[in-house]
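> PDB, C-alpha atoms, pLDDT in the B column, saved as coords_31.pdb, coming up:
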```pdb
MODEL        1
ATOM      1  CA  MET A   1     -71.025  53.073-216.379  1.00 50.00           C
ATOM      2  CA  MET A   2     -72.575  55.893-214.357  1.00 58.00           C
ATOM      3  CA  GLU A   3     -70.101  58.658-213.559  1.00 78.00           C
ATOM      4  CA  LEU A   4     -69.231  59.139-209.900  1.00 78.00           C
ATOM      5  CA  SER A   5     -70.071  62.850-210.163  1.00 77.00           C
ATOM      6  CA  ASP A   6     -73.586  61.955-211.356  1.00 81.00           C
ATOM      7  CA  THR A   7     -74.269  59.473-208.566  1.00 84.00           C
ATOM      8  CA  PRO A   8     -76.581  60.647-205.749  1.00 84.00           C
ATOM      9  CA  ALA A   9     -75.276  60.012-202.228  1.00 84.00           C
ATOM     10  CA  LYS A  10     -77.926  57.399-201.522  1.00 86.00           C
ATOM     11  CA  TYR A  11     -76.665  55.292-204.446  1.00 86.00           C
ATOM     12  CA  LEU A  12     -72.942  55.421-203.580  1.00 87.00           C
ATOM     13  CA  ASP A  13     -72.971  51.970-201.950  1.00 87.00           C
ATOM     14  CA  LYS A  14     -74.499  50.529-205.115  1.00 88.00           C
ATOM     15  CA  PHE A  15     -71.919  52.362-207.250  1.00 88.00           C
ATOM     16  CA  ILE A  16     -69.087  50.862-205.183  1.00 87.00           C
ATOM     17  CA  GLU A  17     -70.553  47.368-205.377  1.00 88.00           C
ATOM     18  CA  ASP A  18     -71.173  47.521-209.126  1.00 88.00           C
ATOM     19  CA  HIS A  19     -68.004  49.296-210.264  1.00 85.00           C
ATOM     20  CA  LEU A  20     -65.253  49.381-207.652  1.00 86.00           C
ATOM     21  CA  LEU A  21     -65.255  46.115-205.707  1.00 86.00           C
ATOM     22  CA  PRO A  22     -62.985  43.421-207.226  1.00 82.00           C
ATOM     23  CA  ASP A  23     -64.687  40.242-208.376  1.00 79.00           C
ATOM     24  CA  GLU A  24     -63.856  36.654-207.387  1.00 81.00           C
ATOM     25  CA  ASN A  25     -61.642  36.090-210.436  1.00 80.00           C
ATOM     26  CA  PHE A  26     -59.524  39.050-209.384  1.00 78.00           C
ATOM     27  CA  TYR A  27     -58.972  37.671-205.886  1.00 79.00           C
ATOM     28  CA  THR A  28     -58.063  34.251-207.273  1.00 83.00           C
ATOM     29  CA  GLN A  29     -55.638  35.765-209.769  1.00 81.00           C
ATOM     30  CA  VAL A  30     -53.836  38.021-207.305  1.00 84.00           C
ATOM     31  CA  ASN A  31     -53.713  35.422-204.520  1.00 86.00           C
ATOM     32  CA  GLU A  32     -52.167  32.872-206.869  1.00 88.00           C
ATOM     33  CA  ALA A  33     -49.530  35.396-207.943  1.00 88.00           C
ATOM     34  CA  ILE A  34     -48.804  36.298-204.317  1.00 89.00           C
ATOM     35  CA  HIS A  35     -48.397  32.613-203.441  1.00 91.00           C
ATOM     36  CA  ILE A  36     -45.860  32.198-206.261  1.00 91.00           C
ATOM     37  CA  ILE A  37     -43.744  35.168-205.171  1.00 92.00           C
ATOM     38  CA  CYS A  38     -43.979  34.405-201.445  1.00 92.00           C
ATOM     39  CA  SER A  39     -42.775  30.852-202.063  1.00 92.00           C
ATOM     40  CA  PHE A  40     -39.976  32.196-204.234  1.00 92.00           C
ATOM     41  CA  LEU A  41     -38.860  34.696-201.565  1.00 92.00           C
ATOM     42  CA  LYS A  42     -38.974  32.196-198.700  1.00 91.00           C
ATOM     43  CA  GLU A  43     -37.635  29.058-200.375  1.00 89.00           C
ATOM     44  CA  ARG A  44     -35.348  30.026-203.217  1.00 89.00           C
ATOM     45  CA  CYS A  45     -34.448  33.672-203.512  1.00 89.00           C
ATOM     46  CA  PHE A  46     -31.479  33.941-201.153  1.00 86.00           C
ATOM     47  CA  GLN A  47     -30.180  30.358-201.221  1.00 81.00           C
ATOM     48  CA  GLY A  48     -27.315  31.227-203.562  1.00 70.00           C
ATOM     49  CA  ALA A  49     -26.465  34.577-201.992  1.00 67.00           C
ATOM     50  CA  PRO A  50     -22.757  35.139-201.136  1.00 67.00           C
ATOM     51  CA  ASP A  51     -23.656  35.737-197.449  1.00 72.00           C
ATOM     52  CA  PRO A  52     -26.370  33.797-195.573  1.00 81.00           C
ATOM     53  CA  VAL A  53     -29.699  35.621-195.748  1.00 85.00           C
ATOM     54  CA  ARG A  54     -32.766  34.608-193.781  1.00 89.00           C
ATOM     55  CA  VAL A  55     -36.335  35.736-194.451  1.00 92.00           C
ATOM     56  CA  SER A  56     -38.266  35.935-191.181  1.00 91.00           C
ATOM     57  CA  LYS A  57     -41.618  36.598-192.878  1.00 93.00           C
ATOM     58  CA  VAL A  58     -43.262  37.995-195.998  1.00 94.00           C
ATOM     59  CA  VAL A  59     -46.278  40.263-195.415  1.00 92.00           C
ATOM     60  CA  LYS A  60     -48.862  41.350-197.942  1.00 90.00           C
ATOM     61  CA  GLY A  61     -49.219  45.136-197.821  1.00 86.00           C
ATOM     62  CA  GLY A  62     -50.601  47.882-200.002  1.00 83.00           C
ATOM     63  CA  SER A  63     -54.231  47.891-201.079  1.00 83.00           C
ATOM     64  CA  SER A  64     -54.304  44.092-201.482  1.00 81.00           C
ATOM     65  CA  GLY A  65     -53.274  43.531-197.878  1.00 83.00           C
ATOM     66  CA  LYS A  66     -55.552  46.235-196.497  1.00 83.00           C
ATOM     67  CA  GLY A  67     -58.646  45.239-198.486  1.00 83.00           C
ATOM     68  CA  THR A  68     -58.983  48.504-200.401  1.00 85.00           C
ATOM     69  CA  THR A  69     -58.115  47.350-203.918  1.00 83.00           C
ATOM     70  CA  LEU A  70     -60.038  48.755-206.869  1.00 83.00           C
ATOM     71  CA  ARG A  71     -61.497  46.550-209.570  1.00 80.00           C
ATOM     72  CA  GLY A  72     -59.104  46.097-212.468  1.00 73.00           C
ATOM     73  CA  ARG A  73     -55.995  46.953-210.459  1.00 72.00           C
ATOM     74  CA  SER A  74     -54.052  43.674-210.392  1.00 68.00           C
ATOM     75  CA  ASP A  75     -51.260  44.759-208.083  1.00 76.00           C
ATOM     76  CA  ALA A  76     -49.711  43.610-204.821  1.00 83.00           C
ATOM     77  CA  ASP A  77     -47.121  44.919-202.370  1.00 89.00           C
ATOM     78  CA  LEU A  78     -45.011  42.377-200.504  1.00 94.00           C
ATOM     79  CA  VAL A  79     -42.783  43.399-197.609  1.00 95.00           C
ATOM     80  CA  VAL A  80     -39.969  40.885-197.068  1.00 95.00           C
ATOM     81  CA  PHE A  81     -38.549  41.058-193.548  1.00 95.00           C
ATOM     82  CA  LEU A  82     -34.896  40.031-193.330  1.00 94.00           C
ATOM     83  CA  THR A  83     -33.059  39.051-190.139  1.00 91.00           C
ATOM     84  CA  ASN A  84     -29.898  40.521-191.703  1.00 90.00           C
ATOM     85  CA  LEU A  85     -31.371  44.006-191.279  1.00 93.00           C
ATOM     86  CA  GLU A  86     -31.012  44.958-187.619  1.00 92.00           C
ATOM     87  CA  SER A  87     -31.936  48.647-187.676  1.00 92.00           C
ATOM     88  CA  PHE A  88     -33.785  51.266-189.688  1.00 92.00           C
ATOM     89  CA  GLN A  89     -30.425  52.638-190.763  1.00 91.00           C
ATOM     90  CA  GLU A  90     -29.333  49.233-192.086  1.00 93.00           C
ATOM     91  CA  GLN A  91     -32.547  48.959-194.068  1.00 93.00           C
ATOM     92  CA  LEU A  92     -31.824  52.287-195.695  1.00 91.00           C
ATOM     93  CA  GLN A  93     -28.190  51.466-196.415  1.00 91.00           C
ATOM     94  CA  ARG A  94     -28.500  47.835-197.546  1.00 91.00           C
ATOM     95  CA  ARG A  95     -31.904  47.460-199.203  1.00 92.00           C
ATOM     96  CA  GLY A  96     -30.339  48.028-202.640  1.00 90.00           C
ATOM     97  CA  GLU A  97     -28.160  44.917-202.363  1.00 89.00           C
ATOM     98  CA  PHE A  98     -31.153  42.739-201.428  1.00 92.00           C
ATOM     99  CA  ILE A  99     -33.238  44.162-204.265  1.00 92.00           C
ATOM    100  CA  LYS A 100     -30.378  43.392-206.649  1.00 89.00           C
ATOM    101  CA  GLU A 101     -30.296  39.767-205.458  1.00 90.00           C
ATOM    102  CA  ILE A 102     -34.090  39.383-205.720  1.00 92.00           C
ATOM    103  CA  ARG A 103     -33.970  40.656-209.290  1.00 91.00           C
ATOM    104  CA  ARG A 104     -31.098  38.313-210.156  1.00 89.00           C
ATOM    105  CA  GLN A 105     -33.023  35.306-208.868  1.00 90.00           C
ATOM    106  CA  LEU A 106     -36.233  36.359-210.647  1.00 92.00           C
ATOM    107  CA  GLU A 107     -34.307  36.514-213.905  1.00 91.00           C
ATOM    108  CA  ALA A 108     -32.927  33.031-213.230  1.00 90.00           C
ATOM    109  CA  CYS A 109     -36.470  31.701-212.711  1.00 90.00           C
ATOM    110  CA  GLN A 110     -37.496  33.301-215.995  1.00 89.00           C
ATOM    111  CA  ARG A 111     -34.633  31.583-217.846  1.00 90.00           C
ATOM    112  CA  GLU A 112     -35.798  28.292-216.329  1.00 89.00           C
ATOM    113  CA  LYS A 113     -39.322  29.092-217.602  1.00 87.00           C
ATOM    114  CA  ILE A 114     -40.795  28.879-214.088  1.00 86.00           C
ATOM    115  CA  PHE A 115     -42.609  32.155-214.744  1.00 85.00           C
ATOM    116  CA  GLU A 116     -42.314  35.340-216.790  1.00 88.00           C
ATOM    117  CA  VAL A 117     -41.293  38.700-215.364  1.00 88.00           C
ATOM    118  CA  LYS A 118     -41.152  42.223-216.742  1.00 87.00           C
ATOM    119  CA  PHE A 119     -39.252  44.876-214.799  1.00 83.00           C
ATOM    120  CA  GLU A 120     -40.283  48.506-214.577  1.00 68.00           C
ATOM    121  CA  VAL A 121     -37.021  50.145-215.543  1.00 51.00           C
ATOM    122  CA  GLN A 122     -37.993  53.671-214.497  1.00 45.00           C
ATOM    123  CA  LYS A 123     -38.069  52.775-210.810  1.00 49.00           C
ATOM    124  CA  GLN A 124     -34.674  51.040-210.891  1.00 49.00           C
ATOM    125  CA  GLN A 125     -32.597  54.020-211.944  1.00 51.00           C
ATOM    126  CA  TRP A 126     -31.786  54.993-208.358  1.00 58.00           C
ATOM    127  CA  GLU A 127     -28.665  53.524-206.813  1.00 66.00           C
ATOM    128  CA  ASN A 128     -30.549  52.494-203.679  1.00 73.00           C
ATOM    129  CA  PRO A 129     -34.207  51.931-204.665  1.00 83.00           C
ATOM    130  CA  ARG A 130     -36.907  51.464-202.028  1.00 86.00           C
ATOM    131  CA  ALA A 131     -38.689  48.664-203.888  1.00 90.00           C
ATOM    132  CA  LEU A 132     -38.310  46.261-206.792  1.00 92.00           C
ATOM    133  CA  SER A 133     -41.179  46.808-209.235  1.00 91.00           C
ATOM    134  CA  PHE A 134     -42.062  44.123-211.755  1.00 91.00           C
ATOM    135  CA  GLU A 135     -44.915  42.257-213.419  1.00 88.00           C
ATOM    136  CA  LEU A 136     -45.423  38.502-213.134  1.00 88.00           C
ATOM    137  CA  ARG A 137     -47.189  35.907-215.234  1.00 84.00           C
ATOM    138  CA  SER A 138     -47.158  32.113-215.019  1.00 81.00           C
ATOM    139  CA  ARG A 139     -49.060  29.196-216.518  1.00 77.00           C
ATOM    140  CA  GLU A 140     -51.599  29.546-213.700  1.00 74.00           C
ATOM    141  CA  LEU A 141     -52.208  33.259-214.346  1.00 75.00           C
ATOM    142  CA  GLN A 142     -54.283  34.599-217.237  1.00 72.00           C
ATOM    143  CA  GLU A 143     -52.977  38.158-216.901  1.00 76.00           C
ATOM    144  CA  TRP A 144     -49.915  40.050-215.692  1.00 82.00           C
ATOM    145  CA  VAL A 145     -49.934  40.988-211.993  1.00 85.00           C
ATOM    146  CA  GLU A 146     -47.933  44.012-210.821  1.00 87.00           C
ATOM    147  CA  PHE A 147     -45.673  43.694-207.776  1.00 91.00           C
ATOM    148  CA  ASP A 148     -43.647  45.948-205.513  1.00 92.00           C
ATOM    149  CA  VAL A 149     -41.309  43.960-203.251  1.00 94.00           C
ATOM    150  CA  LEU A 150     -39.805  45.937-200.351  1.00 95.00           C
ATOM    151  CA  PRO A 151     -36.995  44.633-198.106  1.00 95.00           C
ATOM    152  CA  ALA A 152     -37.520  45.757-194.501  1.00 95.00           C
ATOM    153  CA  PHE A 153     -36.138  45.660-190.979  1.00 95.00           C
ATOM    154  CA  ASP A 154     -38.341  43.560-188.672  1.00 93.00           C
ATOM    155  CA  ALA A 155     -38.840  46.280-186.063  1.00 91.00           C
ATOM    156  CA  LEU A 156     -41.963  44.716-184.530  1.00 90.00           C
ATOM    157  CA  GLY A 157     -41.006  41.046-184.301  1.00 86.00           C
ATOM    158  CA  GLN A 158     -43.839  38.582-183.767  1.00 82.00           C
ATOM    159  CA  VAL A 159     -47.170  40.376-184.217  1.00 77.00           C
ATOM    160  CA  THR A 160     -50.251  38.854-182.544  1.00 72.00           C
ATOM    161  CA  LYS A 161     -53.898  39.856-182.754  1.00 69.00           C
ATOM    162  CA  ASP A 162     -53.755  42.137-179.693  1.00 73.00           C
ATOM    163  CA  TYR A 163     -50.149  43.200-180.240  1.00 74.00           C
ATOM    164  CA  ARG A 164     -49.049  46.458-178.646  1.00 81.00           C
ATOM    165  CA  PRO A 165     -45.544  47.414-179.794  1.00 83.00           C
ATOM    166  CA  ASP A 166     -42.934  48.333-177.220  1.00 85.00           C
ATOM    167  CA  PRO A 167     -42.895  52.171-177.091  1.00 87.00           C
ATOM    168  CA  GLN A 168     -39.126  51.975-177.527  1.00 90.00           C
ATOM    169  CA  VAL A 169     -39.757  50.893-181.137  1.00 90.00           C
ATOM    170  CA  TYR A 170     -41.199  54.340-181.840  1.00 90.00           C
ATOM    171  CA  VAL A 171     -38.514  56.108-179.821  1.00 91.00           C
ATOM    172  CA  ARG A 172     -35.882  54.361-181.921  1.00 90.00           C
ATOM    173  CA  LEU A 173     -37.778  55.160-185.130  1.00 91.00           C
ATOM    174  CA  ILE A 174     -37.997  58.878-184.295  1.00 90.00           C
ATOM    175  CA  GLN A 175     -34.348  59.069-183.282  1.00 89.00           C
ATOM    176  CA  GLU A 176     -33.082  57.332-186.414  1.00 86.00           C
ATOM    177  CA  CYS A 177     -35.398  59.302-188.713  1.00 86.00           C
ATOM    178  CA  LYS A 178     -34.108  62.561-187.257  1.00 83.00           C
ATOM    179  CA  SER A 179     -30.469  61.545-187.599  1.00 83.00           C
ATOM    180  CA  LEU A 180     -30.952  60.242-191.142  1.00 80.00           C
ATOM    181  CA  GLY A 181     -33.363  62.948-192.281  1.00 79.00           C
ATOM    182  CA  LYS A 182     -35.673  60.252-193.702  1.00 78.00           C
ATOM    183  CA  GLU A 183     -39.036  60.791-192.013  1.00 75.00           C
ATOM    184  CA  GLY A 184     -41.718  58.515-193.479  1.00 78.00           C
ATOM    185  CA  GLU A 185     -39.153  56.230-195.120  1.00 86.00           C
ATOM    186  CA  PHE A 186     -39.804  53.203-192.939  1.00 91.00           C
ATOM    187  CA  SER A 187     -43.568  52.686-193.193  1.00 90.00           C
ATOM    188  CA  PRO A 188     -43.090  49.146-194.645  1.00 92.00           C
ATOM    189  CA  CYS A 189     -41.735  48.072-191.237  1.00 93.00           C
ATOM    190  CA  PHE A 190     -45.198  48.715-189.789  1.00 92.00           C
ATOM    191  CA  THR A 191     -47.254  47.056-192.529  1.00 91.00           C
ATOM    192  CA  GLU A 192     -48.773  44.524-190.127  1.00 91.00           C
ATOM    193  CA  LEU A 193     -50.058  47.263-187.825  1.00 89.00           C
ATOM    194  CA  GLN A 194     -51.496  49.230-190.749  1.00 88.00           C
ATOM    195  CA  ARG A 195     -53.257  46.117-192.014  1.00 87.00           C
ATOM    196  CA  ALA A 196     -54.595  45.197-188.567  1.00 86.00           C
ATOM    197  CA  PHE A 197     -55.933  48.741-188.064  1.00 86.00           C
ATOM    198  CA  LEU A 198     -57.902  48.694-191.321  1.00 85.00           C
ATOM    199  CA  LYS A 199     -59.160  45.182-190.636  1.00 82.00           C
ATOM    200  CA  GLU A 200     -60.909  46.472-187.510  1.00 83.00           C
ATOM    201  CA  CYS A 201     -62.400  49.457-189.342  1.00 86.00           C
ATOM    202  CA  PRO A 202     -65.999  49.393-190.646  1.00 89.00           C
ATOM    203  CA  THR A 203     -66.659  48.568-194.282  1.00 87.00           C
ATOM    204  CA  LYS A 204     -67.842  52.148-194.820  1.00 89.00           C
ATOM    205  CA  LEU A 205     -64.288  53.418-194.288  1.00 90.00           C
ATOM    206  CA  LYS A 206     -62.862  51.009-196.862  1.00 89.00           C
ATOM    207  CA  SER A 207     -65.610  52.083-199.255  1.00 88.00           C
ATOM    208  CA  LEU A 208     -64.649  55.716-198.709  1.00 89.00           C
ATOM    209  CA  ILE A 209     -60.994  54.894-199.428  1.00 90.00           C
ATOM    210  CA  ARG A 210     -62.026  53.177-202.664  1.00 89.00           C
ATOM    211  CA  LEU A 211     -64.114  56.186-203.691  1.00 88.00           C
ATOM    212  CA  VAL A 212     -61.230  58.581-203.062  1.00 89.00           C
ATOM    213  CA  LYS A 213     -58.829  56.359-205.013  1.00 87.00           C
ATOM    214  CA  HIS A 214     -61.292  56.105-207.887  1.00 86.00           C
ATOM    215  CA  TRP A 215     -61.804  59.880-207.886  1.00 85.00           C
ATOM    216  CA  TYR A 216     -58.031  60.448-207.864  1.00 84.00           C
ATOM    217  CA  GLN A 217     -57.559  57.983-210.716  1.00 81.00           C
ATOM    218  CA  MET A 218     -60.212  59.787-212.779  1.00 81.00           C
ATOM    219  CA  ALA A 219     -58.526  63.131-212.083  1.00 79.00           C
ATOM    220  CA  CYS A 220     -55.160  61.758-213.201  1.00 79.00           C
ATOM    221  CA  ASP A 221     -56.648  60.213-216.355  1.00 74.00           C
ATOM    222  CA  SER A 222     -58.361  63.467-217.336  1.00 70.00           C
ATOM    223  CA  GLY A 223     -55.138  65.457-216.937  1.00 65.00           C
ATOM    224  CA  PRO A 224     -54.894  69.199-216.265  1.00 62.00           C
ATOM    225  CA  GLY A 225     -57.722  71.466-217.198  1.00 51.00           C
TER     226      GLY A 225
ENDMDL
END
```
Any chance you could give the structure as structure tokens?


Amino acid sequence: MMELSDTPAKYLDKFIEDHLLPDENFYTQVNEAIHIICSFLKERCFQGAPDPVRVSKVVKGGSSGKGTTLRGRSDADLVVFLTNLESFQEQLQRRGEFIKEIRRQLEACQREKIFEVKFEVQKQQWENPRALSFELRSRELQEWVEFDVLPAFDALGQVTKDYRPDPQVYVRLIQECKSLGKEGEFSPCFTELQRAFLKECPTKLKSLIRLVKHWYQMACDSGPG
């Protein structure tokens, strides 16, 4: 594989196509895994919860949702919007209890041999984690697929193609962030807008994002020095 640093500018598009764009098997693999988890979250996850919990929607975020995934990175972010969360503050205060229930139900599915899961313990040490991180494999999947599942307050409601959020959504966000001291904490609530923005962007921008991510990954792998 030609090194990025050795690639002339005029060959960058070819470098991206040959080395960074995911192949068809990748898309099939990740989409199948996403379908399994989305069905689990919508149809089973909160049925046995002590208090009624309703999932309004599950949205694919992260690089998979935005179309900027690198080849070989089998990961997916899923934002699960819950009607029980009625404010940014509630999301911050209660997300831990929903993550705990999601994990409990995933473990039950594993005992029933519906699929296999492996949890990333390091990210679950906090009392009130932002996301549940785990890996999934089933009979339909050849490899493990990494997931981050994030409970979120449905601040935007129904999002259409030409959706323009009510400015009061941002006023409320700014006010609550200031009072809580948690600026930047609630980006999952706006996943659909982030995804729609990148969808309208030219392919060149997504290619640039992939190049930067690849460069950053190389820098991390090489370590200091």

> If you count all atoms listed in the file, which residues fall within 12 Å of region 164-175 of chain A, apart from same-chain ones fewer than 6 positions away, as a PDB file with C-alpha atoms, in the frame of the given file?


```pdb
ATOM      1  CA  SER A  87     -31.936  48.647-187.676  1.00 92.00           C
ATOM      2  CA  PHE A  88     -33.785  51.266-189.688  1.00 92.00           C
ATOM      3  CA  GLN A  89     -30.425  52.638-190.763  1.00 91.00           C
ATOM      4  CA  PHE A 153     -36.138  45.660-190.979  1.00 95.00           C
ATOM      5  CA  ASP A 154     -38.341  43.560-188.672  1.00 93.00           C
ATOM      6  CA  ALA A 155     -38.840  46.280-186.063  1.00 91.00           C
ATOM      7  CA  LEU A 156     -41.963  44.716-184.530  1.00 90.00           C
ATOM      8  CA  GLY A 157     -41.006  41.046-184.301  1.00 86.00           C
ATOM      9  CA  GLN A 158     -43.839  38.582-183.767  1.00 82.00           C
ATOM     10  CA  GLY A 181     -33.363  62.948-192.281  1.00 79.00           C
ATOM     11  CA  LYS A 182     -35.673  60.252-193.702  1.00 78.00           C
ATOM     12  CA  GLU A 183     -39.036  60.791-192.013  1.00 75.00           C
ATOM     13  CA  GLY A 184     -41.718  58.515-193.479  1.00 78.00           C
ATOM     14  CA  GLU A 185     -39.153  56.230-195.120  1.00 86.00           C
ATOM     15  CA  PHE A 186     -39.804  53.203-192.939  1.00 91.00           C
ATOM     16  CA  SER A 187     -43.568  52.686-193.193  1.00 90.00           C
ATOM     17  CA  CYS A 189     -41.735  48.072-191.237  1.00 93.00           C
ATOM     18  CA  PHE A 190     -45.198  48.715-189.789  1.00 92.00           C
ATOM     19  CA  GLU A 192     -48.773  44.524-190.127  1.00 91.00           C
ATOM     20  CA  LEU A 193     -50.058  47.263-187.825  1.00 89.00           C
ATOM     21  CA  ALA A 196     -54.595  45.197-188.567  1.00 86.00           C
ATOM     22  CA  PHE A 197     -55.933  48.741-188.064  1.00 86.00           C
TER      23      PHE A 197
END
```

> For this structure, which residues satisfy the selection - the PyMOL selection byres ((chain A and resi 22) around 10) - when it is evaluated on the file as given? I want them as a short mmCIF file (atom, residue, chain, number, x, y, z; two decimals) with C-alpha atoms, in the frame of the given file.


```
data_model
loop_
_atom_site.label_atom_id
_atom_site.label_comp_id
_atom_site.auth_asym_id
_atom_site.auth_seq_id
_atom_site.Cartn_x
_atom_site.Cartn_y
_atom_site.Cartn_z
CA ILE A 16 -69.09 50.86 -205.18
CA GLU A 17 -70.55 47.37 -205.38
CA ASP A 18 -71.17 47.52 -209.13
CA HIS A 19 -68.00 49.30 -210.26
CA LEU A 20 -65.25 49.38 -207.65
CA LEU A 21 -65.26 46.12 -205.71
CA ASP A 23 -64.69 40.24 -208.38
CA GLU A 24 -63.86 36.65 -207.39
CA ASN A 25 -61.64 36.09 -210.44
CA PHE A 26 -59.52 39.05 -209.38
CA TYR A 27 -58.97 37.67 -205.89
CA GLY A 67 -58.65 45.24 -198.49
CA THR A 68 -58.98 48.50 -200.40
CA THR A 69 -58.12 47.35 -203.92
CA LEU A 70 -60.04 48.76 -206.87
CA ARG A 71 -61.50 46.55 -209.57
CA GLY A 72 -59.10 46.10 -212.47
CA ARG A 73 -56.00 46.95 -210.46
CA SER A 74 -54.05 43.67 -210.39
#
```

> What does the distance from CA of Phe46 (chain A) to CA of Arg195 (chain A) come to in Å, to one decimal?

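CA of Arg195 (chain A) lies 26.6 Å from CA of Phe46 (chain A).
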
> Have a look at CA of Val58 (chain A) and CA of Phe81 (chain A) and let me know their distance in Å, one decimal.

6.1 Å

> Could the residues of region 124-213 of chain A that have an atom at most 12 Å from region 35-44 of chain A be listed as a tab-separated table, each with its closest atom pair and the distance in Å to one decimal, counting all atoms listed in the file and ordered by chain and ascending residue number?


```
residue	atom	partner	partner_atom	distance
A:Phe134	CA	A:Ile37	CA	11.2
A:Glu135	CA	A:Ile37	CA	10.9
A:Leu136	CA	A:Ile37	CA	8.8
A:Arg137	CA	A:Ile36	CA	9.8
A:Ser138	CA	A:Ile36	CA	8.9
A:Arg139	CA	A:Ile36	CA	11.2
A:Glu140	CA	A:Ile36	CA	9.8
A:Leu141	CA	A:Ile36	CA	10.3
A:Val145	CA	A:Ile37	CA	10.9
A:Glu146	CA	A:Ile37	CA	11.3
A:Phe147	CA	A:Ile37	CA	9.1
A:Asp148	CA	A:Ile37	CA	10.8
A:Val149	CA	A:Ile37	CA	9.3
A:Leu150	CA	A:Leu41	CA	11.3
A:Pro151	CA	A:Leu41	CA	10.7
```

> Of the candidates A:Ile114, A:Gln91, A:Val59, A:Asn84, which shows the shortest atom-to-atom distance to Leu180 (chain A), using only C-alpha atoms?

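Result for the nearest residue to Leu180 (chain A): A:Gln91.
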
> I'd like the interatomic distance between CA of Asp77 (chain A) and CA of Gly65 (chain A), to a tenth of an Å.

7.7 Å

> Taking (-62.5, 49.5, -193.6) in the file's own coordinates, collect the residues within 8 Å, counting all atoms listed in the file, and hand them back as a PyMOL selection string.

chain A and resi 67-68+198-207

> For the selection just defined, write its residues with C-alpha atoms to a file, as a PDB file, keeping the file's coordinate frame.


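To be explicit, this is the file written out as result-v8.pdb:
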```pdb
ATOM      1  CA  GLY A  67     -58.646  45.239-198.486  1.00 83.00           C
ATOM      2  CA  THR A  68     -58.983  48.504-200.401  1.00 85.00           C
ATOM      3  CA  LEU A 198     -57.902  48.694-191.321  1.00 85.00           C
ATOM      4  CA  LYS A 199     -59.160  45.182-190.636  1.00 82.00           C
ATOM      5  CA  GLU A 200     -60.909  46.472-187.510  1.00 83.00           C
ATOM      6  CA  CYS A 201     -62.400  49.457-189.342  1.00 86.00           C
ATOM      7  CA  PRO A 202     -65.999  49.393-190.646  1.00 89.00           C
ATOM      8  CA  THR A 203     -66.659  48.568-194.282  1.00 87.00           C
ATOM      9  CA  LYS A 204     -67.842  52.148-194.820  1.00 89.00           C
ATOM     10  CA  LEU A 205     -64.288  53.418-194.288  1.00 90.00           C
ATOM     11  CA  LYS A 206     -62.862  51.009-196.862  1.00 89.00           C
ATOM     12  CA  SER A 207     -65.610  52.083-199.255  1.00 88.00           C
TER      13      SER A 207
END
```

> Name the residues, using the chain letters and numbers of the file, that sit within 12 Å of (-23.1, 37.6, -196.6) when counting all atoms listed in the file, and give them as a PyMOL selection string.

chain A and resi 46-54+83-85+94+97-98+101

> Go through A:Trp144, A:Gln29, A:Gly96, A:Val159 one by one, measure the shortest atom-to-atom distance of each to Leu132 (chain A) using all atoms listed in the file, and give the residue with the smallest value.

A:Gly96

> N, CA, C and O atoms are what I want for region 95-103 of chain A; can you complete it accordingly and write them as a CSV table (one decimal), in the frame of the given file?


```csv
chain,number,residue,atom,x,y,z
A,95,ARG,N,-30.8,48.0,-198.5
A,95,ARG,CA,-31.9,47.5,-199.2
A,95,ARG,C,-31.6,47.3,-200.7
A,95,ARG,O,-32.1,46.3,-201.3
A,96,GLY,N,-30.7,48.1,-201.2
A,96,GLY,CA,-30.3,48.0,-202.6
A,96,GLY,C,-29.7,46.7,-203.0
A,96,GLY,O,-30.0,46.1,-204.0
A,97,GLU,N,-28.8,46.2,-202.1
A,97,GLU,CA,-28.2,44.9,-202.4
A,97,GLU,C,-29.1,43.7,-202.3
A,97,GLU,O,-29.0,42.8,-203.1
A,98,PHE,N,-30.2,43.8,-201.5
A,98,PHE,CA,-31.2,42.7,-201.4
A,98,PHE,C,-32.1,42.8,-202.6
A,98,PHE,O,-32.5,41.8,-203.2
A,99,ILE,N,-32.4,44.0,-203.1
A,99,ILE,CA,-33.2,44.2,-204.3
A,99,ILE,C,-32.5,43.6,-205.5
A,99,ILE,O,-33.1,43.0,-206.3
A,100,LYS,N,-31.2,43.9,-205.5
A,100,LYS,CA,-30.4,43.4,-206.6
A,100,LYS,C,-30.4,41.9,-206.7
A,100,LYS,O,-30.5,41.3,-207.8
A,101,GLU,N,-30.3,41.2,-205.5
A,101,GLU,CA,-30.3,39.8,-205.5
A,101,GLU,C,-31.7,39.2,-205.8
A,101,GLU,O,-31.8,38.2,-206.5
A,102,ILE,N,-32.7,39.8,-205.4
A,102,ILE,CA,-34.1,39.4,-205.7
A,102,ILE,C,-34.3,39.4,-207.2
A,102,ILE,O,-34.8,38.5,-207.9
A,103,ARG,N,-33.8,40.5,-207.8
A,103,ARG,CA,-34.0,40.7,-209.3
A,103,ARG,C,-33.2,39.6,-210.0
A,103,ARG,O,-33.6,39.0,-211.0
```
